[in-house]
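protein_2.tsv follows; it contains TSV, C-alpha atoms.
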chain	number	residue	atom	x	y	z
A	21	MET	CA	-17.29	-55.83	36.99
A	22	SER	CA	-18.73	-55.71	33.47
A	23	SER	CA	-21.29	-58.13	32.06
A	24	ALA	CA	-21.40	-59.44	28.50
A	25	VAL	CA	-24.03	-56.80	27.69
A	26	ASP	CA	-21.85	-54.04	29.22
A	27	ILE	CA	-18.96	-55.13	27.00
A	28	ALA	CA	-21.24	-55.25	23.95
A	29	ASN	CA	-22.54	-51.76	24.78
A	30	GLN	CA	-19.00	-50.39	24.92
A	31	ALA	CA	-18.40	-51.81	21.43
A	32	LEU	CA	-21.68	-50.37	20.18
A	33	LEU	CA	-20.87	-46.93	21.60
A	34	MET	CA	-17.48	-47.00	19.84
A	35	LEU	CA	-19.42	-47.37	16.61
A	36	GLY	CA	-21.89	-44.60	17.42
A	37	SER	CA	-24.76	-47.08	17.91
A	38	LEU	CA	-27.33	-47.04	20.67
A	39	PRO	CA	-26.77	-49.39	23.62
A	40	ILE	CA	-28.90	-52.47	24.19
A	41	ILE	CA	-30.61	-53.75	27.34
A	42	SER	CA	-30.08	-57.44	26.55
A	43	PHE	CA	-28.97	-59.69	23.71
A	44	ASP	CA	-32.64	-60.58	23.22
A	45	ASP	CA	-33.77	-57.02	22.43
A	46	GLU	CA	-35.75	-56.57	19.21
A	47	SER	CA	-33.00	-54.59	17.47
A	48	VAL	CA	-30.38	-55.16	14.80
A	49	GLU	CA	-27.69	-54.21	17.33
A	50	ALA	CA	-28.83	-56.81	19.88
A	51	SER	CA	-29.14	-59.51	17.25
A	52	ALA	CA	-25.65	-58.77	15.89
A	53	CYS	CA	-24.14	-58.73	19.39
A	54	LYS	CA	-25.86	-61.99	20.33
A	55	THR	CA	-24.44	-63.63	17.22
A	56	LEU	CA	-20.91	-62.18	17.25
A	57	TYR	CA	-20.10	-61.83	20.96
A	58	PRO	CA	-19.45	-65.50	21.88
A	59	THR	CA	-16.96	-66.00	19.04
A	60	ALA	CA	-15.18	-62.69	19.68
A	61	LYS	CA	-14.76	-63.60	23.36
A	62	LYS	CA	-13.38	-67.06	22.58
A	63	GLN	CA	-10.97	-65.65	19.98
A	64	ILE	CA	-9.59	-63.09	22.44
A	65	LEU	CA	-9.24	-65.65	25.23
A	66	ARG	CA	-7.57	-68.25	22.97
A	67	SER	CA	-5.15	-65.68	21.51
A	68	PHE	CA	-2.88	-65.47	24.57
A	69	PRO	CA	-2.29	-67.24	27.92
A	70	TRP	CA	-4.03	-64.50	29.93
A	71	ARG	CA	-3.38	-64.73	33.66
A	72	CYS	CA	-7.02	-63.94	34.43
A	73	ALA	CA	-8.19	-66.86	32.27
A	74	THR	CA	-5.57	-69.51	33.02
A	75	LYS	CA	-5.77	-72.29	35.58
A	76	VAL	CA	-4.33	-75.72	36.40
A	77	GLU	CA	-6.32	-78.89	37.02
A	78	ARG	CA	-5.53	-82.58	37.39
A	79	LEU	CA	-6.78	-84.43	34.32
A	80	ALA	CA	-9.37	-87.22	34.51
A	81	LYS	CA	-7.92	-90.41	33.03
A	82	LEU	CA	-10.24	-92.23	30.64
A	83	ALA	CA	-10.75	-96.01	30.77
A	84	THR	CA	-10.13	-96.44	27.04
A	85	GLU	CA	-6.60	-96.59	25.69
A	86	PRO	CA	-5.28	-94.45	22.84
A	87	VAL	CA	-5.45	-96.00	19.37
A	88	ASP	CA	-2.22	-94.26	18.33
A	89	PRO	CA	0.73	-96.38	19.65
A	90	LYS	CA	2.93	-93.34	20.35
A	91	TRP	CA	0.63	-92.39	23.26
A	92	GLU	CA	0.03	-94.43	26.42
A	93	TYR	CA	-2.68	-92.50	28.28
A	94	LEU	CA	-5.93	-90.82	27.34
A	95	PHE	CA	-7.39	-88.01	29.44
A	96	ALA	CA	-10.57	-85.98	29.20
A	97	GLN	CA	-10.03	-82.33	28.42
A	98	PRO	CA	-11.38	-80.10	31.21
A	99	ASP	CA	-15.00	-79.16	30.43
A	100	ASN	CA	-14.38	-75.42	30.35
A	101	ALA	CA	-11.04	-75.53	28.49
A	102	LEU	CA	-10.76	-73.24	25.47
A	103	ARG	CA	-7.09	-73.93	24.82
A	104	ILE	CA	-4.58	-76.31	26.38
A	105	LEU	CA	-1.29	-74.58	27.19
A	106	ARG	CA	0.83	-77.21	28.97
A	107	ILE	CA	0.68	-80.70	30.36
A	108	PHE	CA	3.01	-81.64	33.20
A	109	VAL	CA	3.51	-84.65	35.45
A	110	GLY	CA	2.94	-84.85	39.18
A	111	ASP	CA	3.02	-81.60	41.09
A	112	ASP	CA	6.17	-80.26	39.42
A	113	ILE	CA	5.17	-77.48	37.02
A	114	ASN	CA	8.63	-77.73	35.46
A	115	SER	CA	8.06	-81.32	34.34
A	116	ASP	CA	6.49	-80.68	30.95
A	117	THR	CA	5.65	-83.81	29.00
A	118	ALA	CA	4.76	-84.51	25.39
A	119	TRP	CA	1.04	-84.30	24.65
A	120	GLU	CA	-1.50	-83.86	21.90
A	121	VAL	CA	-5.15	-82.82	21.77
A	122	GLN	CA	-7.48	-84.98	19.70
A	123	GLY	CA	-11.09	-83.85	19.78
A	124	GLN	CA	-12.02	-83.45	23.46
A	125	ASN	CA	-9.22	-85.76	24.65
A	126	ILE	CA	-5.59	-85.24	25.62
A	127	LEU	CA	-3.03	-87.94	24.87
A	128	THR	CA	0.24	-88.29	26.81
A	129	ARG	CA	2.99	-90.79	27.58
A	130	GLU	CA	2.77	-90.04	31.30
A	131	ASP	CA	0.19	-90.94	33.94
A	132	GLY	CA	-1.04	-88.48	36.59
A	133	ALA	CA	-0.99	-85.44	34.32
A	134	LEU	CA	-1.85	-81.88	35.27
A	135	CYS	CA	-3.10	-79.44	32.67
A	136	GLN	CA	-2.61	-75.70	32.40
A	137	PHE	CA	-5.31	-74.24	30.20
A	138	ILE	CA	-7.31	-71.19	29.22
A	139	PHE	CA	-10.91	-71.35	30.38
A	140	GLU	CA	-13.94	-69.27	29.54
A	141	VAL	CA	-13.58	-66.83	32.41
A	142	PRO	CA	-16.77	-65.02	33.46
A	143	GLU	CA	-16.87	-61.39	32.30
A	144	PRO	CA	-16.63	-59.84	35.80
A	145	GLN	CA	-13.27	-61.63	36.26
A	146	LEU	CA	-11.69	-60.33	33.04
A	147	ASP	CA	-8.67	-58.09	33.44
A	148	VAL	CA	-9.55	-54.56	32.32
A	149	HIS	CA	-7.03	-54.69	29.45
A	150	VAL	CA	-8.39	-58.02	28.23
A	151	GLU	CA	-11.89	-56.57	28.46
A	152	MET	CA	-10.91	-53.58	26.33
A	153	ALA	CA	-9.29	-55.89	23.76
A	154	LEU	CA	-12.58	-57.79	23.64
A	155	VAL	CA	-14.55	-54.53	23.28
A	156	ALA	CA	-12.37	-53.45	20.35
A	157	ARG	CA	-12.53	-56.90	18.74
A	158	LEU	CA	-16.32	-56.93	19.01
A	159	ALA	CA	-16.51	-53.38	17.61
A	160	THR	CA	-14.44	-54.59	14.65
A	161	ASP	CA	-16.75	-57.56	14.10
A	162	LEU	CA	-19.86	-55.37	14.39
A	163	SER	CA	-18.54	-52.43	12.39
A	164	TYR	CA	-19.46	-53.39	8.83
A	165	THR	CA	-22.78	-54.94	9.85
A	166	LEU	CA	-23.90	-51.82	11.69
A	167	THR	CA	-22.21	-49.03	9.72
A	168	ALA	CA	-21.64	-50.50	6.22
A	169	SER	CA	-18.35	-48.61	6.23
A	170	GLN	CA	-15.13	-50.35	5.24
A	171	ASN	CA	-13.18	-47.35	6.56
A	172	ARG	CA	-14.81	-47.73	9.99
A	173	GLU	CA	-14.09	-51.45	9.90
A	174	ALA	CA	-10.42	-50.79	9.07
A	175	SER	CA	-10.03	-48.23	11.85
A	176	MET	CA	-11.73	-50.58	14.35
A	177	TYR	CA	-9.40	-53.38	13.27
A	178	GLN	CA	-6.37	-51.15	13.89
A	179	LEU	CA	-7.73	-50.19	17.32
A	180	ALA	CA	-8.40	-53.85	18.15
A	181	GLN	CA	-4.80	-54.75	17.30
A	182	GLU	CA	-3.51	-51.93	19.51
A	183	LYS	CA	-5.74	-52.94	22.45
A	184	LEU	CA	-4.74	-56.59	22.08
A	185	ASN	CA	-1.05	-55.68	22.05
A	186	GLU	CA	-1.49	-53.40	25.08
A	187	ALA	CA	-3.28	-56.17	26.97
A	188	ARG	CA	-0.54	-58.70	26.14
A	189	ILE	CA	2.22	-56.34	27.29
A	190	THR	CA	0.43	-55.58	30.55
A	191	ASP	CA	-0.28	-59.25	31.19
A	192	ARG	CA	3.38	-60.20	30.64
A	193	GLN	CA	4.47	-57.61	33.22
A	194	GLU	CA	2.57	-59.34	36.01
A	195	ALA	CA	5.18	-62.05	36.63
A	196	SER	CA	8.84	-62.32	37.57
A	197	HIS	CA	11.31	-62.03	34.73
A	198	THR	CA	14.15	-64.26	35.89
A	199	GLY	CA	14.93	-65.56	32.40
A	200	PHE	CA	14.64	-62.17	30.71
A	201	ARG	CA	17.29	-61.52	28.01
A	202	ILE	CA	17.66	-58.99	25.26
A	203	ASP	CA	19.70	-60.69	22.55
A	204	LYS	CA	19.67	-57.71	20.18
A	205	LEU	CA	21.45	-55.46	22.68
A	206	ASP	CA	24.01	-58.16	23.43
A	207	ARG	CA	24.80	-58.41	19.71
A	208	VAL	CA	25.07	-54.62	19.30
A	209	ARG	CA	27.57	-54.27	22.16
A	210	ARG	CA	29.99	-56.83	20.74

Will you turn the file into structure tokens for me?
Amino acid sequence: MSSAVDIANQALLMLGSLPIISFDDESVEASACKTLYPTAKKQILRSFPWRCATKVERLAKLATEPVDPKWEYLFAQPDNALRILRIFVGDDINSDTAWEVQGQNILTREDGALCQFIFEVPEPQLDVHVEMALVARLATDLSYTLTASQNREASMYQLAQEKLNEARITDRQEASHTGFRIDKLDRVRR
């Protein structure tokens, strides 16, 4: 149940910096966290279809028609969408349809579209592995600003990549694997 400040403090502690009380503190650390945190969070969330940050909503059809003739319908992107993952028709999640994002709109050839998307999940709802990937990413972003060390920045970058990979692997394991295949082993056996 971490807050944005808790996550920022974990990143600061990884760098050997003192923790902050809020992003509005009168310190270099607070100012850097306030500036870098929102982008780091969005980058982590957009980087993978995290289960903790993914949801489905029916799209709101707009009254205007698309200018591009290859599309028939224009929908508003959900307000809190960071990245659109899939558009499907009706209530059948296996009925993917062609789509394209233009600005804050989604264009399709089908009416009655549902959208699966990544949203800006509140910090207390982040999966612990996603949270740690965010901590490491933020530590990377803060590292040169607060330590002026390229070596520290490089080591934080390596840690961030490891935490991101660990979070992705864990997230993938929380679903059935009915279509799971290992092509490399099949080729080796032949």

>> Need to verify the contact set: Trp91 of chain A, 10 Å, all atoms listed in the file, exclusion of same-chain residues closer than 3 positions in sequence. Can you return it as a PyMOL selection string?
In response: chain A and resi 85-88+94+118-120+126-130

> Which is closest to Cys135 of chain A among A:Met152, A:Ile104, A:Ile64, A:Ile27, if we use all atoms listed in the file?
Replying inline: A:Ile104

With 6 Å of padding per side, what axis-aligned box (centre and edge lengths, Å, one decimal) covers all the listed atoms of segment 53-71 of chain A? Give it as lines of an AutoDock Vina configuration file.
center_x = -14.1
center_y = -63.5
center_z = 25.4
size_x = 35.6
size_y = 21.5
size_z = 28.4

>> Using only C-alpha atoms for the distances, tell me which of A:His149, A:Ile138, A:Gln124, A:Ala156 is nearest to Ile189 of chain A.
In response: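 Nearest to Ile189 of chain A: A:His149.
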
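Distances from A:Leu33, A:Ala80, A:Val148, A:Leu56 to Glu186 of chain A were compared using all atoms listed in the file, and the smallest one belongs to A:Val148.
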
> Hey, can you pull every residue with an atom no more than 12 Å from (-7.2, -56.9, 15.5), using all atoms listed in the file, and send it as a ChimeraX atom specification?
Replying inline: /A:60,63-64,67,152-161,173-186

>> Which residues are near Arg106 of chain A? Cut-off 8 Å, only C-alpha atoms, ignore same chain within fewer than 3 positions. Put them as a PyMOL selection string.
In response: chain A and resi 116+135-137

For those residues, write C-alpha atoms to a file as a PDB file, in the frame of the given file.
ATOM      1  CA  ASP A 116       6.490 -80.680  30.950  1.00  0.00           C
ATOM      2  CA  CYS A 135      -3.100 -79.440  32.670  1.00  0.00           C
ATOM      3  CA  GLN A 136      -2.610 -75.700  32.400  1.00  0.00           C
ATOM      4  CA  PHE A 137      -5.310 -74.240  30.200  1.00  0.00           C
TER       5      PHE A 137
END

>> One decimal, in Å: what's the spacing between atom CA of Phe68 of chain A and atom CA of Arg188 of chain A?
In response: 7.3 Å

> So what do you get for atom CA of Ala187 of chain A versus atom CA of Pro69 of chain A, distance-wise?
Replying inline: 11.2 Å

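Separating atom CA of Thr55 of chain A from atom CA of Lys75 of chain A is a distance of 27.6 Å.
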
> Taking into account all atoms listed in the file, which residue in the set A:Val141, A:Met21, A:Leu38, A:Ala28 is nearest to Lys54 of chain A?
Replying inline: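 Ranked by minimum distance to Lys54 of chain A, first place goes to A:Ala28.
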
> So which one's closest to Arg172 of chain A, A:Leu65, A:Met34, A:Ala52, A:Ala133? Using all atoms listed in the file, please.
Replying inline: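 Among A:Leu65, A:Met34, A:Ala52, A:Ala133, it is A:Met34 that comes nearest to Arg172 of chain A.
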
Using all atoms listed in the file, which protein or nucleic acid residues come within 9 Å of Ala50 of chain A? Drop anything in the same chain fewer than 4 positions from it, and give the result as a PDB file with C-alpha atoms, in the coordinates of the input.
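And here's out13.pdb as it stands now:
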ATOM      1  CA  ALA A  28     -21.240 -55.250  23.950  1.00  0.00           C
ATOM      2  CA  PRO A  39     -26.770 -49.390  23.620  1.00  0.00           C
ATOM      3  CA  ILE A  40     -28.900 -52.470  24.190  1.00  0.00           C
ATOM      4  CA  ILE A  41     -30.610 -53.750  27.340  1.00  0.00           C
ATOM      5  CA  SER A  42     -30.080 -57.440  26.550  1.00  0.00           C
ATOM      6  CA  PHE A  43     -28.970 -59.690  23.710  1.00  0.00           C
ATOM      7  CA  ASP A  44     -32.640 -60.580  23.220  1.00  0.00           C
ATOM      8  CA  ASP A  45     -33.770 -57.020  22.430  1.00  0.00           C
ATOM      9  CA  GLU A  46     -35.750 -56.570  19.210  1.00  0.00           C
ATOM     10  CA  LYS A  54     -25.860 -61.990  20.330  1.00  0.00           C
ATOM     11  CA  THR A  55     -24.440 -63.630  17.220  1.00  0.00           C
TER      12      THR A  55
END

Residue contacts of Glu77 of chain A (12 Å, only C-alpha atoms) excluding same-chain residues fewer than 5 positions away, as a compact mmCIF listing (two decimals) with C-alpha atoms, keeping the file's coordinate frame:
# COMPACT_ATOMS: atom_id res chain seq x y z
CA PHE A 95 -7.39 -88.01 29.44
CA ALA A 96 -10.57 -85.98 29.20
CA GLN A 97 -10.03 -82.33 28.42
CA PRO A 98 -11.38 -80.10 31.21
CA ASP A 99 -15.00 -79.16 30.43
CA ASN A 100 -14.38 -75.42 30.35
CA ALA A 101 -11.04 -75.53 28.49
CA ILE A 104 -4.58 -76.31 26.38
CA LEU A 105 -1.29 -74.58 27.19
CA ARG A 106 0.83 -77.21 28.97
CA ILE A 107 0.68 -80.70 30.36
CA PHE A 108 3.01 -81.64 33.20
CA VAL A 109 3.51 -84.65 35.45
CA GLY A 110 2.94 -84.85 39.18
CA ASP A 111 3.02 -81.60 41.09
CA ILE A 113 5.17 -77.48 37.02
CA GLY A 132 -1.04 -88.48 36.59
CA ALA A 133 -0.99 -85.44 34.32
CA LEU A 134 -1.85 -81.88 35.27
CA CYS A 135 -3.10 -79.44 32.67
CA GLN A 136 -2.61 -75.70 32.40
CA PHE A 137 -5.31 -74.24 30.20
CA ILE A 138 -7.31 -71.19 29.22
CA PHE A 139 -10.91 -71.35 30.38
